[in-house]
file start-v4.csv (CSV, C-alpha atoms)
chain,number,residue,atom,x,y,z
A,1,MET,CA,-59.2,34.9,-30.1
A,2,LYS,CA,-57.0,35.6,-27.0
A,3,SER,CA,-56.5,39.2,-25.9
A,4,LEU,CA,-53.3,41.1,-26.7
A,5,SER,CA,-50.6,41.8,-24.1
A,6,LYS,CA,-50.7,44.7,-21.7
A,7,VAL,CA,-47.5,46.1,-23.3
A,8,SER,CA,-49.2,46.1,-26.8
A,9,ALA,CA,-52.0,48.2,-25.3
A,10,ASN,CA,-49.5,50.8,-24.2
A,11,ILE,CA,-47.8,51.3,-27.6
A,12,ASP,CA,-49.0,54.7,-29.0
A,13,GLY,CA,-46.7,55.0,-32.0
A,14,GLN,CA,-45.9,58.4,-33.6
A,15,PRO,CA,-48.8,60.7,-34.4
A,16,MET,CA,-47.0,62.4,-37.3
A,17,PHE,CA,-47.2,59.2,-39.3
A,18,LYS,CA,-50.9,59.1,-38.7
A,19,TYR,CA,-51.2,62.6,-40.3
A,20,LEU,CA,-49.0,61.5,-43.1
A,21,ASP,CA,-51.2,58.5,-43.8
A,22,LYS,CA,-54.3,60.8,-43.9
A,23,ALA,CA,-52.6,63.2,-46.2
A,24,ARG,CA,-51.5,60.3,-48.6
A,25,ALA,CA,-55.1,59.1,-48.7
A,26,LEU,CA,-56.2,62.6,-49.7
A,27,GLU,CA,-53.5,62.8,-52.3
A,28,ALA,CA,-54.6,59.5,-53.8
A,29,ALA,CA,-58.1,61.0,-54.2
A,30,GLY,CA,-56.6,63.9,-56.2
A,31,ARG,CA,-55.8,66.6,-53.5
A,32,ASP,CA,-52.7,68.8,-53.9
A,33,LEU,CA,-50.9,69.0,-50.6
A,34,ILE,CA,-47.7,70.6,-49.4
A,35,HIS,CA,-46.1,68.3,-46.7
A,36,MET,CA,-44.8,70.1,-43.7
A,37,GLU,CA,-45.7,67.5,-41.1
A,38,ILE,CA,-42.8,65.0,-41.3
A,39,GLY,CA,-39.1,65.6,-40.4
A,40,GLU,CA,-38.0,64.2,-43.7
A,41,PRO,CA,-35.2,66.0,-45.6
A,42,ASP,CA,-36.2,66.7,-49.2
A,43,PHE,CA,-32.6,66.2,-50.3
A,44,ASP,CA,-31.2,62.9,-51.5
A,45,THR,CA,-28.3,61.2,-49.5
A,46,PRO,CA,-25.0,62.7,-50.7
A,47,LYS,CA,-23.6,60.8,-53.7
A,48,ASN,CA,-20.3,59.9,-52.1
A,49,VAL,CA,-22.2,58.3,-49.2
A,50,VAL,CA,-24.4,56.2,-51.6
A,51,ASP,CA,-21.3,55.2,-53.6
A,52,ALA,CA,-19.6,53.9,-50.5
A,53,ALA,CA,-22.6,51.7,-49.7
A,54,VAL,CA,-22.8,50.4,-53.3
A,55,SER,CA,-19.1,49.6,-53.3
A,56,ALA,CA,-19.5,47.7,-50.0
A,57,LEU,CA,-22.4,45.7,-51.4
A,58,LEU,CA,-20.5,44.9,-54.6
A,59,SER,CA,-17.5,43.7,-52.6
A,60,GLY,CA,-19.7,41.3,-50.6
A,61,ASP,CA,-19.9,43.3,-47.3
A,62,THR,CA,-23.3,41.8,-46.7
A,63,HIS,CA,-22.7,39.4,-43.7
A,64,TYR,CA,-23.1,39.6,-40.0
A,65,CYS,CA,-20.8,41.9,-38.0
A,66,SER,CA,-20.3,42.6,-34.3
A,67,SER,CA,-23.4,43.8,-32.5
A,68,TYR,CA,-21.4,46.7,-31.4
A,69,GLY,CA,-20.7,47.7,-35.0
A,70,LEU,CA,-17.8,47.7,-37.3
A,71,THR,CA,-14.5,48.7,-35.6
A,72,GLU,CA,-13.8,51.2,-38.5
A,73,PHE,CA,-17.2,52.9,-38.1
A,74,ARG,CA,-16.8,53.1,-34.3
A,75,GLU,CA,-13.4,54.6,-34.8
A,76,ALA,CA,-15.0,57.2,-37.1
A,77,ILE,CA,-17.5,58.0,-34.3
A,78,GLN,CA,-14.6,58.5,-32.0
A,79,TYR,CA,-13.0,60.9,-34.5
A,80,ALA,CA,-16.3,62.8,-35.0
A,81,THR,CA,-16.8,63.1,-31.2
A,82,GLU,CA,-13.3,64.5,-30.7
A,83,ARG,CA,-13.8,67.0,-33.5
A,84,SER,CA,-17.3,68.1,-32.4
A,85,ARG,CA,-17.2,67.7,-28.6
A,86,GLY,CA,-13.6,67.8,-27.7
A,87,PHE,CA,-13.1,64.3,-26.2
A,88,THR,CA,-12.5,60.8,-27.5
A,89,PRO,CA,-14.6,58.1,-26.0
A,90,ASP,CA,-13.1,54.6,-25.6
A,91,ILE,CA,-14.3,52.3,-28.4
A,92,SER,CA,-16.0,50.2,-25.7
A,93,GLN,CA,-18.3,53.2,-25.1
A,94,VAL,CA,-19.5,53.4,-28.7
A,95,LEU,CA,-22.4,51.4,-30.1
A,96,VAL,CA,-24.0,51.4,-33.6
A,97,THR,CA,-27.8,51.3,-33.6
A,98,PRO,CA,-30.5,50.8,-36.3
A,99,GLY,CA,-31.4,54.5,-36.2
A,100,ALA,CA,-31.5,56.9,-33.3
A,101,ASN,CA,-35.2,56.5,-32.5
A,102,ILE,CA,-34.8,53.0,-31.0
A,103,SER,CA,-32.0,54.2,-28.7
A,104,ILE,CA,-34.7,55.8,-26.5
A,105,TYR,CA,-36.2,52.3,-25.9
A,106,TYR,CA,-32.8,50.7,-25.4
A,107,ALA,CA,-31.8,53.2,-22.7
A,108,THR,CA,-35.1,53.2,-20.9
A,109,LEU,CA,-35.3,49.4,-20.8
A,110,CYS,CA,-31.7,49.0,-19.6
A,111,LEU,CA,-31.6,51.9,-17.1
A,112,VAL,CA,-35.1,52.4,-15.7
A,113,ASP,CA,-37.3,49.9,-13.8
A,114,PRO,CA,-41.1,49.9,-14.2
A,115,GLY,CA,-42.7,52.3,-11.7
A,116,CYS,CA,-39.7,54.6,-11.6
A,117,GLU,CA,-39.6,58.1,-13.1
A,118,VAL,CA,-38.0,59.9,-16.0
A,119,ILE,CA,-38.1,63.6,-16.4
A,120,VAL,CA,-39.1,64.4,-20.0
A,121,PRO,CA,-39.6,67.7,-21.8
A,122,ASN,CA,-43.2,68.8,-22.5
A,123,THR,CA,-43.2,69.7,-25.4
A,124,GLY,CA,-41.0,66.9,-26.7
A,125,PHE,CA,-40.6,64.1,-29.2
A,126,SER,CA,-43.6,61.8,-29.1
A,127,THR,CA,-41.4,58.7,-28.9
A,128,TYR,CA,-40.3,59.7,-25.5
A,129,TYR,CA,-43.8,59.5,-24.1
A,130,SER,CA,-44.7,56.3,-26.0
A,131,THR,CA,-41.6,54.5,-25.0
A,132,LEU,CA,-41.9,55.4,-21.3
A,133,LYS,CA,-45.5,54.3,-21.3
A,134,MET,CA,-44.7,51.0,-23.0
A,135,CYS,CA,-41.9,50.3,-20.5
A,136,GLY,CA,-44.2,51.0,-17.5
A,137,VAL,CA,-42.1,54.1,-16.6
A,138,ILE,CA,-43.7,57.2,-15.2
A,139,PRO,CA,-43.0,60.4,-17.2
A,140,VAL,CA,-42.5,63.5,-15.2
A,141,GLU,CA,-43.0,66.5,-17.4
A,142,ILE,CA,-40.8,69.6,-17.3
A,143,PRO,CA,-42.7,72.4,-19.2
A,144,LEU,CA,-41.0,74.2,-22.0
A,145,ARG,CA,-42.5,77.6,-22.1
A,146,GLU,CA,-42.6,80.0,-25.0
A,147,SER,CA,-41.8,82.9,-22.6
A,148,ASN,CA,-38.5,81.1,-21.8
A,149,GLY,CA,-37.6,80.3,-25.4
A,150,PHE,CA,-38.9,76.8,-25.0
A,151,LYS,CA,-36.0,75.9,-22.6
A,152,PRO,CA,-36.3,74.1,-19.3
A,153,ASP,CA,-35.9,76.0,-16.1
A,154,PRO,CA,-33.3,74.2,-14.0
A,155,MET,CA,-34.9,75.3,-10.7
A,156,GLU,CA,-38.2,73.9,-11.8
A,157,LEU,CA,-36.6,70.8,-13.1
A,158,GLU,CA,-34.9,70.2,-9.7
A,159,SER,CA,-38.3,70.5,-8.0
A,160,LEU,CA,-39.5,67.6,-10.0
A,161,ILE,CA,-36.8,65.2,-8.9
A,162,THR,CA,-37.9,62.5,-6.4
A,163,ASP,CA,-36.4,59.4,-4.9
A,164,LYS,CA,-38.0,57.5,-7.9
A,165,THR,CA,-36.3,59.6,-10.5
A,166,ARG,CA,-33.8,57.6,-12.6
A,167,MET,CA,-33.1,59.7,-15.7
A,168,ILE,CA,-33.5,63.1,-17.3
A,169,ILE,CA,-34.0,63.4,-21.1
A,170,VAL,CA,-32.7,66.5,-22.9
A,171,ASN,CA,-33.0,67.3,-26.6
A,172,SER,CA,-31.1,70.1,-28.2
A,173,PRO,CA,-31.6,71.3,-30.8
A,174,HIS,CA,-35.1,70.5,-29.9
A,175,ASN,CA,-38.0,68.9,-31.7
A,176,PRO,CA,-40.6,70.4,-32.1
A,177,THR,CA,-39.6,73.9,-31.2
A,178,GLY,CA,-36.1,74.2,-32.6
A,179,SER,CA,-34.7,75.7,-29.3
A,180,VAL,CA,-31.0,75.3,-28.6
A,181,LEU,CA,-29.7,75.0,-25.0
A,182,SER,CA,-26.7,77.2,-24.1
A,183,SER,CA,-23.7,75.7,-22.4
A,184,SER,CA,-24.8,77.2,-19.1
A,185,ASP,CA,-28.3,75.7,-19.5
A,186,MET,CA,-26.7,72.3,-20.2
A,187,LYS,CA,-24.2,72.6,-17.3
A,188,ALA,CA,-27.0,73.4,-14.9
A,189,ILE,CA,-28.9,70.3,-15.9
A,190,TYR,CA,-25.8,68.1,-15.8
A,191,ASP,CA,-25.1,69.4,-12.3
A,192,LEU,CA,-28.5,68.3,-11.2
A,193,ALA,CA,-27.9,64.8,-12.6
A,194,VAL,CA,-24.7,64.6,-10.6
A,195,LYS,CA,-26.3,66.0,-7.4
A,196,TYR,CA,-29.1,63.4,-7.5
A,197,ASP,CA,-27.1,60.6,-9.1
A,198,LEU,CA,-29.2,60.4,-12.3
A,199,TYR,CA,-28.6,59.3,-15.8
A,200,LEU,CA,-28.8,62.1,-18.4
A,201,TYR,CA,-30.0,61.0,-21.8
A,202,SER,CA,-29.0,63.6,-24.5
A,203,ASP,CA,-30.8,63.2,-27.8
A,204,GLU,CA,-28.5,65.0,-30.2
A,205,ILE,CA,-30.0,63.9,-33.6
A,206,TYR,CA,-30.1,67.6,-34.7
A,207,ALA,CA,-26.6,68.4,-33.4
A,208,ARG,CA,-25.3,69.6,-36.9
A,209,MET,CA,-28.4,71.7,-37.3
A,210,SER,CA,-27.5,74.6,-35.0
A,211,TYR,CA,-27.7,77.8,-37.0
A,212,ASP,CA,-27.3,80.8,-34.7
A,213,ASP,CA,-26.4,79.4,-31.3
A,214,GLN,CA,-23.4,77.2,-30.6
A,215,PHE,CA,-24.3,73.6,-30.0
A,216,SER,CA,-23.6,72.3,-26.5
A,217,SER,CA,-23.6,68.7,-25.2
A,218,PRO,CA,-23.6,67.5,-21.6
A,219,SER,CA,-21.1,64.8,-22.7
A,220,ILE,CA,-18.2,67.2,-22.4
A,221,TYR,CA,-18.5,67.1,-18.6
A,222,ASP,CA,-18.1,63.4,-18.0
A,223,GLN,CA,-17.0,62.2,-21.4
A,224,CYS,CA,-19.9,59.7,-21.2
A,225,ARG,CA,-18.0,57.7,-18.6
A,226,ASP,CA,-20.4,58.0,-15.7
A,227,ARG,CA,-23.9,59.1,-16.4
A,228,VAL,CA,-24.4,60.8,-19.8
A,229,ILE,CA,-25.7,58.8,-22.7
A,230,VAL,CA,-25.5,60.5,-26.1
A,231,SER,CA,-27.8,59.4,-28.9
A,232,ASN,CA,-27.1,60.5,-32.5
A,233,GLY,CA,-27.9,59.5,-36.0
A,234,PHE,CA,-27.5,60.2,-39.7
A,235,SER,CA,-31.2,60.7,-40.7
A,236,LYS,CA,-31.5,64.4,-40.5
A,237,SER,CA,-28.1,66.0,-41.2
A,238,TYR,CA,-27.1,63.6,-43.9
A,239,ALA,CA,-30.5,63.0,-45.4
A,240,MET,CA,-30.3,59.3,-44.6
A,241,THR,CA,-33.7,58.7,-43.0
A,242,GLY,CA,-34.3,55.4,-44.8
A,243,TRP,CA,-30.8,54.0,-44.0
A,244,ARG,CA,-31.6,53.6,-40.3
A,245,LEU,CA,-28.2,54.3,-38.9
A,246,GLY,CA,-27.6,55.7,-35.4
A,247,THR,CA,-25.0,55.7,-32.6
A,248,MET,CA,-24.9,55.7,-28.9
A,249,ILE,CA,-22.0,56.8,-26.6
A,250,GLY,CA,-22.2,56.1,-22.9
A,251,PRO,CA,-20.7,54.5,-19.8
A,252,GLU,CA,-19.0,51.2,-20.8
A,253,ILE,CA,-21.3,49.0,-18.6
A,254,VAL,CA,-24.4,50.7,-20.0
A,255,ILE,CA,-23.3,50.3,-23.6
A,256,GLU,CA,-22.5,46.6,-22.9
A,257,ARG,CA,-26.0,45.9,-21.7
A,258,ILE,CA,-27.6,47.9,-24.5
A,259,ALA,CA,-25.4,46.0,-27.0
A,260,ALA,CA,-26.7,42.7,-25.5
A,261,LEU,CA,-30.3,44.0,-26.0
A,262,LEU,CA,-29.5,45.0,-29.6
A,263,GLN,CA,-28.0,41.6,-30.2
A,264,THR,CA,-31.1,40.0,-28.8
A,265,THR,CA,-33.6,42.0,-30.9
A,266,SER,CA,-31.8,42.8,-34.2
A,267,SER,CA,-28.4,41.1,-34.2
A,268,CYS,CA,-26.5,44.0,-35.8
A,269,VAL,CA,-26.6,46.9,-38.2
A,270,SER,CA,-25.9,46.0,-41.8
A,271,PRO,CA,-22.2,46.4,-42.5
A,272,PHE,CA,-22.7,48.1,-45.9
A,273,ILE,CA,-24.8,50.7,-44.2
A,274,GLN,CA,-22.0,51.4,-41.7
A,275,ARG,CA,-19.6,51.8,-44.6
A,276,ALA,CA,-21.9,54.6,-45.8
A,277,GLY,CA,-21.7,56.1,-42.3
A,278,ILE,CA,-17.9,56.1,-42.4
A,279,GLU,CA,-17.9,58.0,-45.7
A,280,ALA,CA,-20.5,60.5,-44.3
A,281,ILE,CA,-18.1,61.2,-41.4
A,282,ARG,CA,-14.7,61.1,-43.1
A,283,GLY,CA,-15.6,62.0,-46.7
A,284,ASN,CA,-16.4,65.2,-48.5
A,285,THR,CA,-19.2,67.2,-46.7
A,286,ASP,CA,-19.8,69.9,-49.3
A,287,GLU,CA,-23.4,68.6,-50.0
A,288,VAL,CA,-24.1,68.4,-46.2
A,289,ASP,CA,-22.8,72.0,-45.7
A,290,ALA,CA,-25.0,73.2,-48.6
A,291,MET,CA,-28.0,71.5,-47.0
A,292,MET,CA,-27.5,73.3,-43.7
A,293,ALA,CA,-27.1,76.7,-45.4
A,294,GLU,CA,-30.3,76.0,-47.3
A,295,TYR,CA,-32.2,75.0,-44.2
A,296,LYS,CA,-31.3,78.3,-42.5
A,297,ALA,CA,-32.5,80.3,-45.5
A,298,ARG,CA,-35.8,78.4,-45.5
A,299,ARG,CA,-36.2,78.9,-41.8
A,300,ASP,CA,-35.8,82.7,-42.2
A,301,MET,CA,-38.2,82.7,-45.1
A,302,LEU,CA,-40.9,80.7,-43.2
A,303,VAL,CA,-40.6,82.6,-39.9
A,304,SER,CA,-40.9,85.9,-41.7
A,305,GLY,CA,-43.9,84.8,-43.7
A,306,LEU,CA,-45.7,83.3,-40.7
A,307,ASN,CA,-45.3,86.4,-38.6
A,308,ARG,CA,-47.2,88.3,-41.3
A,309,ILE,CA,-50.2,86.1,-40.9
A,310,ARG,CA,-53.1,87.1,-38.7
A,311,GLY,CA,-53.1,85.2,-35.4
A,312,PHE,CA,-49.7,83.7,-35.8
A,313,GLU,CA,-46.7,84.5,-33.7
A,314,CYS,CA,-43.5,82.6,-34.5
A,315,GLN,CA,-40.1,82.7,-32.6
A,316,VAL,CA,-36.9,82.2,-34.6
A,317,PRO,CA,-35.7,78.6,-33.8
A,318,GLY,CA,-32.0,78.2,-33.3
A,319,GLY,CA,-31.7,74.8,-34.7
A,320,ALA,CA,-33.3,71.6,-36.2
A,321,PHE,CA,-35.7,72.2,-39.1
A,322,TYR,CA,-39.0,73.0,-37.5
A,323,VAL,CA,-41.0,76.1,-36.5
A,324,PHE,CA,-43.5,76.1,-33.7
A,325,PRO,CA,-45.7,79.1,-34.1
A,326,ASN,CA,-48.3,80.2,-31.5
A,327,ILE,CA,-51.7,80.2,-33.1
A,328,VAL,CA,-53.8,81.3,-30.1
A,329,GLY,CA,-54.4,84.6,-31.8
A,330,THR,CA,-56.5,82.9,-34.5
A,331,GLY,CA,-59.1,82.0,-32.0
A,332,TYR,CA,-58.9,78.4,-32.9
A,333,SER,CA,-57.5,75.3,-31.3
A,334,SER,CA,-54.4,73.5,-32.7
A,335,ASP,CA,-56.6,70.8,-34.1
A,336,ASP,CA,-58.9,73.3,-35.8
A,337,VAL,CA,-55.9,75.2,-37.3
A,338,VAL,CA,-54.3,72.0,-38.6
A,339,ASN,CA,-57.6,70.8,-40.1
A,340,MET,CA,-58.1,74.2,-41.8
A,341,LEU,CA,-54.6,74.0,-43.2
A,342,MET,CA,-55.2,70.5,-44.5
A,343,ASP,CA,-58.4,71.7,-46.2
A,344,GLY,CA,-56.3,74.5,-47.6
A,345,GLY,CA,-53.6,72.3,-48.9
A,346,VAL,CA,-50.9,72.4,-46.2
A,347,VAL,CA,-50.2,69.5,-43.9
A,348,ALA,CA,-49.0,70.4,-40.4
A,349,LEU,CA,-49.1,68.9,-36.9
A,350,PRO,CA,-51.0,70.2,-33.8
A,351,GLY,CA,-48.7,71.0,-31.0
A,352,HIS,CA,-50.3,68.6,-28.6
A,353,CYS,CA,-48.8,65.7,-30.6
A,354,PHE,CA,-45.6,66.7,-28.6
A,355,GLY,CA,-47.2,66.9,-25.2
A,356,SER,CA,-50.1,68.8,-23.6
A,357,ASN,CA,-48.0,72.0,-23.3
A,358,GLY,CA,-48.0,72.2,-27.1
A,359,GLU,CA,-51.7,73.1,-27.3
A,360,GLY,CA,-51.9,76.6,-28.8
A,361,ASN,CA,-49.0,75.9,-31.2
A,362,ILE,CA,-48.6,73.9,-34.4
A,363,ARG,CA,-45.4,72.4,-35.9
A,364,LEU,CA,-44.3,73.0,-39.5
A,365,CYS,CA,-41.2,71.4,-41.0
A,366,TYR,CA,-39.2,73.4,-43.5
A,367,ALA,CA,-37.4,70.4,-45.0
A,368,THR,CA,-39.1,71.4,-48.3
A,369,SER,CA,-38.2,73.7,-51.2
A,370,ARG,CA,-38.4,77.5,-51.0
A,371,ASP,CA,-41.0,77.4,-53.8
A,372,LYS,CA,-43.2,75.1,-51.7
A,373,ILE,CA,-42.7,77.2,-48.6
A,374,SER,CA,-43.7,80.3,-50.6
A,375,GLU,CA,-46.8,78.5,-51.9
A,376,ALA,CA,-47.6,77.2,-48.4
A,377,LEU,CA,-47.5,80.7,-47.0
A,378,LEU,CA,-49.9,81.9,-49.7
A,379,ARG,CA,-52.3,79.2,-48.8
A,380,ILE,CA,-52.1,80.0,-45.1
A,381,GLU,CA,-52.7,83.7,-45.8
A,382,GLN,CA,-55.8,82.8,-47.8
A,383,ILE,CA,-57.2,81.1,-44.8
A,384,PHE,CA,-56.3,83.5,-42.0
A,385,GLY,CA,-55.4,86.8,-43.8
A,386,VAL,CA,-52.5,89.1,-43.1
A,387,LYS,CA,-51.9,91.4,-40.1

call {"tool": "encode", "arguments": {"input": "start-v4.csv", "output": "structure tokens"}}
result
Amino acid sequence: MKSLSKVSANIDGQPMFKYLDKARALEAAGRDLIHMEIGEPDFDTPKNVVDAAVSALLSGDTHYCSSYGLTEFREAIQYATERSRGFTPDISQVLVTPGANISIYYATLCLVDPGCEVIVPNTGFSTYYSTLKMCGVIPVEIPLRESNGFKPDPMELESLITDKTRMIIVNSPHNPTGSVLSSSDMKAIYDLAVKYDLYLYSDEIYARMSYDDQFSSPSIYDQCRDRVIVSNGFSKSYAMTGWRLGTMIGPEIVIERIAALLQTTSSCVSPFIQRAGIEAIRGNTDEVDAMMAEYKARRDMLVSGLNRIRGFECQVPGGAFYVFPNIVGTGYSSDDVVNMLMDGGVVALPGHCFGSNGEGNIRLCYATSRDKISEALLRIEQIFGVK
């Protein structure tokens, strides 16, 4: 048989799904596990959103639509952007995507040539690294240090910029640490993008999940007309992971090229799914608001419990639904701790899944019930003891 392509050899995938597969196999063999490894809301999609999709299906809204997306949905994105970020993008700047994850690939392929550089957070979402590697792009890592609240230092970031740099990736609220960049942090990074004429890719999938600190987007500085590309989606805040519905806002010429790529690879996003997105934006949000309040309560419960466990030190994250405790005090590596937790009935991820700078930490997702969080903490205490 002939060998596979060089590109295929450079596809790493997402490590969290590998841990999920391992956990599912253990469960099939009879193990009782509490899942805290996957960023998967335990809530169902709000009923009014589901009803909107069902109504669209029953009315025959099951055909092709524009690769850019339904006009009504893109208008809803304009409305949501005005309400949350204070500006209204032109409709030609708005693209509907099959989830937010693939937007990283779209932007990289359309904006960065092989051999060029992209500055990426370390720690950061694993898809950044896998996508850059697959596209032949060089990742230049900006360390996110616990001592700085897991936020990039703009001066250090500037020192990493070279004549090969084409784009900076920012993610706030941040996966895996839950850190939230302030408006001054974001402005400093945006100013660097302007100074060195770079694209700035802002991954805002957790934008609604900002609990203590006010959410800030670099899009407010150029209204996505020049260099900022915003990626967002419905998976996390609206409990719509399986729907695969995302959006991009960016400079018109960038969006036009990405739309052509989307057209080439997947034609369009199903119109009945976009009808659900319209309802999510314009409809009643009581269920969504209740989810956000519950996540905050779970965060506080988990952080408090982890900080009672011997060898664990956990900062309070400002957003998303992850904690990233330091486990150096246990005397074990991240892999060792995760394996011990798995043996004890709790599934977590080693920090190095999100870059080398994550070694010494683990990620736990609190998108699970308070009862399960309480039980998980008891199981962790049984392994490591209390302070």

call {"tool": "atom_distance", "arguments": {"input": "start-v4.csv", "atom1": "CA of Ile362 in chain A", "atom2": "CA of Tyr206 in chain A"}}
result
19.5 Å

call {"tool": "atom_distance", "arguments": {"input": "start-v4.csv", "atom1": "CA of Ser3 in chain A", "atom2": "CA of Asp113 in chain A"}}
result
25.1 Å

call {"tool": "residues_around", "arguments": {"input": "start-v4.csv", "residues": "range 321-332 of chain A", "least_positions_apart": "6", "cutoff": "8 Å", "atoms": "all atoms listed in the file", "output": "list in words"}}
result
Gly39, Asn175, Pro176, Thr177, Gly178, Met209, Tyr295, Arg299, Val303, Leu306, Arg310, Gly311, Phe312, Glu313, Cys314, Gln315, Gly351, Gly360, Asn361, Ile362, Arg363, Leu364, Cys365, Tyr366, Ala367 and Phe384 of chain A

call {"tool": "write_last_selection", "arguments": {"input": "start-v4.csv", "atoms": "C-alpha atoms", "output": "PDB file, in the coordinates of the input"}}
result
ATOM      1  CA  GLY A  39     -39.100  65.600 -40.400  1.00  0.00           C
ATOM      2  CA  ASN A 175     -38.000  68.900 -31.700  1.00  0.00           C
ATOM      3  CA  PRO A 176     -40.600  70.400 -32.100  1.00  0.00           C
ATOM      4  CA  THR A 177     -39.600  73.900 -31.200  1.00  0.00           C
ATOM      5  CA  GLY A 178     -36.100  74.200 -32.600  1.00  0.00           C
ATOM      6  CA  MET A 209     -28.400  71.700 -37.300  1.00  0.00           C
ATOM      7  CA  TYR A 295     -32.200  75.000 -44.200  1.00  0.00           C
ATOM      8  CA  ARG A 299     -36.200  78.900 -41.800  1.00  0.00           C
ATOM      9  CA  VAL A 303     -40.600  82.600 -39.900  1.00  0.00           C
ATOM     10  CA  LEU A 306     -45.700  83.300 -40.700  1.00  0.00           C
ATOM     11  CA  ARG A 310     -53.100  87.100 -38.700  1.00  0.00           C
ATOM     12  CA  GLY A 311     -53.100  85.200 -35.400  1.00  0.00           C
ATOM     13  CA  PHE A 312     -49.700  83.700 -35.800  1.00  0.00           C
ATOM     14  CA  GLU A 313     -46.700  84.500 -33.700  1.00  0.00           C
ATOM     15  CA  CYS A 314     -43.500  82.600 -34.500  1.00  0.00           C
ATOM     16  CA  GLN A 315     -40.100  82.700 -32.600  1.00  0.00           C
ATOM     17  CA  GLY A 351     -48.700  71.000 -31.000  1.00  0.00           C
ATOM     18  CA  GLY A 360     -51.900  76.600 -28.800  1.00  0.00           C
ATOM     19  CA  ASN A 361     -49.000  75.900 -31.200  1.00  0.00           C
ATOM     20  CA  ILE A 362     -48.600  73.900 -34.400  1.00  0.00           C
ATOM     21  CA  ARG A 363     -45.400  72.400 -35.900  1.00  0.00           C
ATOM     22  CA  LEU A 364     -44.300  73.000 -39.500  1.00  0.00           C
ATOM     23  CA  CYS A 365     -41.200  71.400 -41.000  1.00  0.00           C
ATOM     24  CA  TYR A 366     -39.200  73.400 -43.500  1.00  0.00           C
ATOM     25  CA  ALA A 367     -37.400  70.400 -45.000  1.00  0.00           C
ATOM     26  CA  PHE A 384     -56.300  83.500 -42.000  1.00  0.00           C
TER      27      PHE A 384
END

call {"tool": "residues_around", "arguments": {"input": "start-v4.csv", "residues": "Ser235 in chain A", "least_positions_apart": "2", "cutoff": "10 Å", "atoms": "all atoms listed in the file", "output": "ChimeraX atom specification"}}
result
/A:39-41,45,99-100,205-206,232-233,237-246

call {"tool": "write_last_selection", "arguments": {"input": "start-v4.csv", "atoms": "C-alpha atoms", "output": "short mmCIF file (atom, residue, chain, number, x, y, z; two decimals), in the coordinates of the input"}}
result
data_model
loop_
_atom_site.label_atom_id
_atom_site.label_comp_id
_atom_site.auth_asym_id
_atom_site.auth_seq_id
_atom_site.Cartn_x
_atom_site.Cartn_y
_atom_site.Cartn_z
CA GLY A 39 -39.10 65.60 -40.40
CA GLU A 40 -38.00 64.20 -43.70
CA PRO A 41 -35.20 66.00 -45.60
CA THR A 45 -28.30 61.20 -49.50
CA GLY A 99 -31.40 54.50 -36.20
CA ALA A 100 -31.50 56.90 -33.30
CA ILE A 205 -30.00 63.90 -33.60
CA TYR A 206 -30.10 67.60 -34.70
CA ASN A 232 -27.10 60.50 -32.50
CA GLY A 233 -27.90 59.50 -36.00
CA SER A 237 -28.10 66.00 -41.20
CA TYR A 238 -27.10 63.60 -43.90
CA ALA A 239 -30.50 63.00 -45.40
CA MET A 240 -30.30 59.30 -44.60
CA THR A 241 -33.70 58.70 -43.00
CA GLY A 242 -34.30 55.40 -44.80
CA TRP A 243 -30.80 54.00 -44.00
CA ARG A 244 -31.60 53.60 -40.30
CA LEU A 245 -28.20 54.30 -38.90
CA GLY A 246 -27.60 55.70 -35.40
#

call {"tool": "atom_distance", "arguments": {"input": "start-v4.csv", "atom1": "CA of Val288 in chain A", "atom2": "CA of Asn48 in chain A"}}
result
11.0 Å

call {"tool": "closest_residue", "arguments": {"input": "start-v4.csv", "among": "A:Pro89, A:Pro350, A:Gly358, A:Gly60", "to": "Ala76 in chain A", "atoms": "all atoms listed in the file"}}
result
A:Pro89

call {"tool": "closest_residue", "arguments": {"input": "start-v4.csv", "among": "A:Arg282, A:Thr131, A:Val194, A:Thr97", "to": "Ala260 in chain A", "atoms": "all atoms listed in the file"}}
result
A:Thr97

call {"tool": "residues_around", "arguments": {"input": "start-v4.csv", "residues": "range 16-29 of chain A", "least_positions_apart": "2", "cutoff": "8 Å", "atoms": "all atoms listed in the file", "output": "list in words"}}
result
Gln14, Arg31, Asp32, Leu33, Glu37, Ile38, Met342, Val347, Leu349 and Cys353 of chain A

call {"tool": "residues_around", "arguments": {"input": "start-v4.csv", "residues": "Tyr128 in chain A", "least_positions_apart": "3", "cutoff": "9 Å", "atoms": "all atoms listed in the file", "output": "NGL selection string"}}
result
:A and (104-105 or 120-121 or 124-125 or 131-133 or 139 or 169)

call {"tool": "closest_residue", "arguments": {"input": "start-v4.csv", "among": "A:Ser210, A:Ser270, A:Thr265, A:Gln382", "to": "Asp289 in chain A", "atoms": "all atoms listed in the file"}}
result
A:Ser210

call {"tool": "closest_residue", "arguments": {"input": "start-v4.csv", "among": "A:Phe354, A:Phe234, A:Phe272, A:Tyr106", "to": "Asn122 in chain A", "atoms": "all atoms listed in the file"}}
result
A:Phe354

call {"tool": "residues_around", "arguments": {"input": "start-v4.csv", "residues": "Leu181 in chain A", "least_positions_apart": "5", "cutoff": "7 Å", "atoms": "only C-alpha atoms", "output": "ChimeraX atom specification"}}
result
/A:151,172,186,216

call {"tool": "closest_residue", "arguments": {"input": "start-v4.csv", "among": "A:Cys65, A:Leu144, A:Ile258, A:Ala80", "to": "Ser356 in chain A", "atoms": "only C-alpha atoms"}}
result
A:Leu144
